[in-house]
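Below is one structure, written out as structure tokens; the observations come after it.
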Amino acid sequence: MEIEWQPIQNQQPTPAAAIFDKPANHKHILLLLLNVVLLIVGGSASPIFVRIYFLHGGNRKWFASFLQTAAFPFLLLPLLFSFSSRRRRSSASHTPLFLISPFLLISSTVIGILTGLVNFFYSYGSSYLPVSTSSLLISTQLGFTALFAFLIVRQKFTAPTINSVVLLTFSAVVLGVHSNGDRPEGESTAKYLAGFAMMLGAAVLYGLVLPLTELMYNKAKQDISYTLVMEIQFVIAAAATAFCAVGMAANNDFQAISEEGHLYRLGETKYYVVVVFIALLTEALFLGITGTINYSSALVSGIALAICIPISEVLAVLFLHEKFDAEKGVSLSLAIWGMISYFYGEYKTYLRNKTTTMEHMVPISTSLSSPVN
């Protein structure tokens, strides 16, 4: 007897649980993990280098904004490799150089301009705020991401999602209630408050950018491969860089870079080292964000960004000699707990959905064979 089974699919998994249930299961999960790693590495280390830039004599806010996406040409290397691989595998006479559609091109450009504005807000805030304070403020993007994800892409809130958001929110609160990173010595109250407002504005705007990116994926009428993810990030970064380059030109930053490097307190060589690391780390961050949204959701991307906050605190202790007290230890523990709680809960949801699907599988055809007497 041969029996074919067909599942009755009357339940849809949550977006995060669905990461385990793709046709290319293992490849999908590996790509998601790769992008989460890129996001966490870039998101944890880039604030340190941005702050180092401003602490030791850098004062060009548009230039710092420009650097955060200026490394996008490096994406051409894997894109060219992908094109060569496609051309070797393709039997068609013409292999397209790019996969991105006009809709994705226009949408990515708009998101890129918004990203450039976020970069400027972030650089402005970083120039006046210590890492502990700026990290606290930028971590609020998780709440804004959750709100805009609910409004824009109808993100469902499950118990693991709510639990994770609560834990990460408490992590930020604990970090901020007893933060020793107050107004730096010699800085005016007006500049400190301006930096505070700009950093909060960056959190709000980026909380909007993440769900808009997810909406763009949802509306795209083509398969989103990782090559296409890189193309989208290339366009986003190019648009953001162009936006900031206009600001640099208006502020005469291009003419001032050489002199700023010469007068940098850590030395001219270290100035350019800091500049290069800002560009590379933030490009890794944005590529990780774009990929994480594609292989999961905007909310997962926001949660991964939130986990970077306490890691940045630890790096600030090591490289900027900020104090690490008991409250920061509690904050780090809550953030890690929140991240683990989210993925564990969503994995349990996947297992529950899989069990339900198996229970509803019904035979659709049978064929009987018997020996001939």
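By convention here, the chains of the structure tokens are called A, B, ... in the order presented, each chain's residues are numbered starting at 1, and ligands are numbered starting at 1 in the order presented.
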Practice item. Write out as a list in words the residues lying within 10 Å of region 76-79 of chain A, counting only C-alpha atoms and excluding same-chain residues fewer than 6 positions away. Key: Ser85, Leu97, Phe98, Tyr226, Thr227, Leu228, Met230, Glu231 and Phe234 of chain A
Could you make a table, as a Markdown table, of the residues of region 74-129 of chain A that have an atom within 12 Å of an atom of region 35-54 of chain A, each with its nearest atom pair and distance in Å to one decimal, counting only C-alpha atoms, in chain and number order?
| residue | atom | partner | partner_atom | distance |
| --- | --- | --- | --- | --- |
| A:Asn119 | CA | A:Val50 | CA | 11.1 |
| A:Phe120 | CA | A:Val50 | CA | 11.9 |
| A:Tyr122 | CA | A:Pro47 | CA | 9.5 |
| A:Ser123 | CA | A:Val50 | CA | 7.5 |
| A:Tyr124 | CA | A:Phe54 | CA | 9.9 |
| A:Gly125 | CA | A:Arg51 | CA | 9.9 |
| A:Ser126 | CA | A:Arg51 | CA | 6.1 |
| A:Ser127 | CA | A:Phe54 | CA | 5.5 |
| A:Tyr128 | CA | A:Phe54 | CA | 8.4 |
| A:Leu129 | CA | A:Arg51 | CA | 8.5 |
Write a file of the selected residues as a tab-separated table (two decimals), in the first residue's frame, keeping N, CA and C atoms.
chain	number	residue	atom	x	y	z
A	119	ASN	N	21.68	58.44	10.31
A	119	ASN	CA	23.13	58.52	10.57
A	119	ASN	C	23.54	59.88	11.09
A	120	PHE	N	22.94	60.93	10.51
A	120	PHE	CA	23.29	62.28	10.98
A	120	PHE	C	22.79	62.51	12.40
A	122	TYR	N	22.32	60.29	14.65
A	122	TYR	CA	23.15	59.46	15.53
A	122	TYR	C	24.53	60.10	15.75
A	123	SER	N	25.14	60.58	14.68
A	123	SER	CA	26.46	61.21	14.80
A	123	SER	C	26.39	62.47	15.65
A	124	TYR	N	25.34	63.24	15.46
A	124	TYR	CA	25.17	64.47	16.25
A	124	TYR	C	25.04	64.12	17.73
A	125	GLY	N	24.22	63.14	18.05
A	125	GLY	CA	24.07	62.73	19.44
A	125	GLY	C	25.35	62.17	20.02
A	126	SER	N	26.07	61.37	19.24
A	126	SER	CA	27.31	60.76	19.72
A	126	SER	C	28.40	61.79	20.00
A	127	SER	N	28.33	62.92	19.32
A	127	SER	CA	29.36	63.94	19.53
A	127	SER	C	29.26	64.60	20.89
A	128	TYR	N	28.08	64.53	21.53
A	128	TYR	CA	27.89	65.20	22.82
A	128	TYR	C	27.56	64.26	23.97
A	129	LEU	N	27.23	63.01	23.67
A	129	LEU	CA	26.80	62.08	24.72
A	129	LEU	C	27.83	60.98	24.93
**Study point:** Nearest to Phe243 (chain A) by atom-to-atom distance, counting only C-alpha atoms, from A:Val118, A:Ala190, A:Leu31, A:Phe83
**Key:**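 Nearest candidate to Phe243 (chain A) out of A:Val118, A:Ala190, A:Leu31, A:Phe83: A:Val118.
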Review point. For the atom pair CA of Gly302 (chain A) and CA of Pro73 (chain A), what is the interatomic distance in Å to one decimal place?
Key: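 Separating CA of Gly302 (chain A) from CA of Pro73 (chain A) is a distance of 25.5 Å.
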Review point. Quick one: of A:Ala146, A:Val131, A:Leu151, A:Leu305, who's nearest to Val166 (chain A), counting only C-alpha atoms?
Key: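 Of the candidates, the smallest distance to Val166 (chain A) is held by A:Ala146.
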**Study point:** For Leu33 (chain A), the nearest of the candidates A:Gly143, A:Pro310, A:Gly329, A:Gly291, counting only C-alpha atoms
**Key:**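 Among A:Gly143, A:Pro310, A:Gly329, A:Gly291, it is A:Gly291 that comes nearest to Leu33 (chain A).
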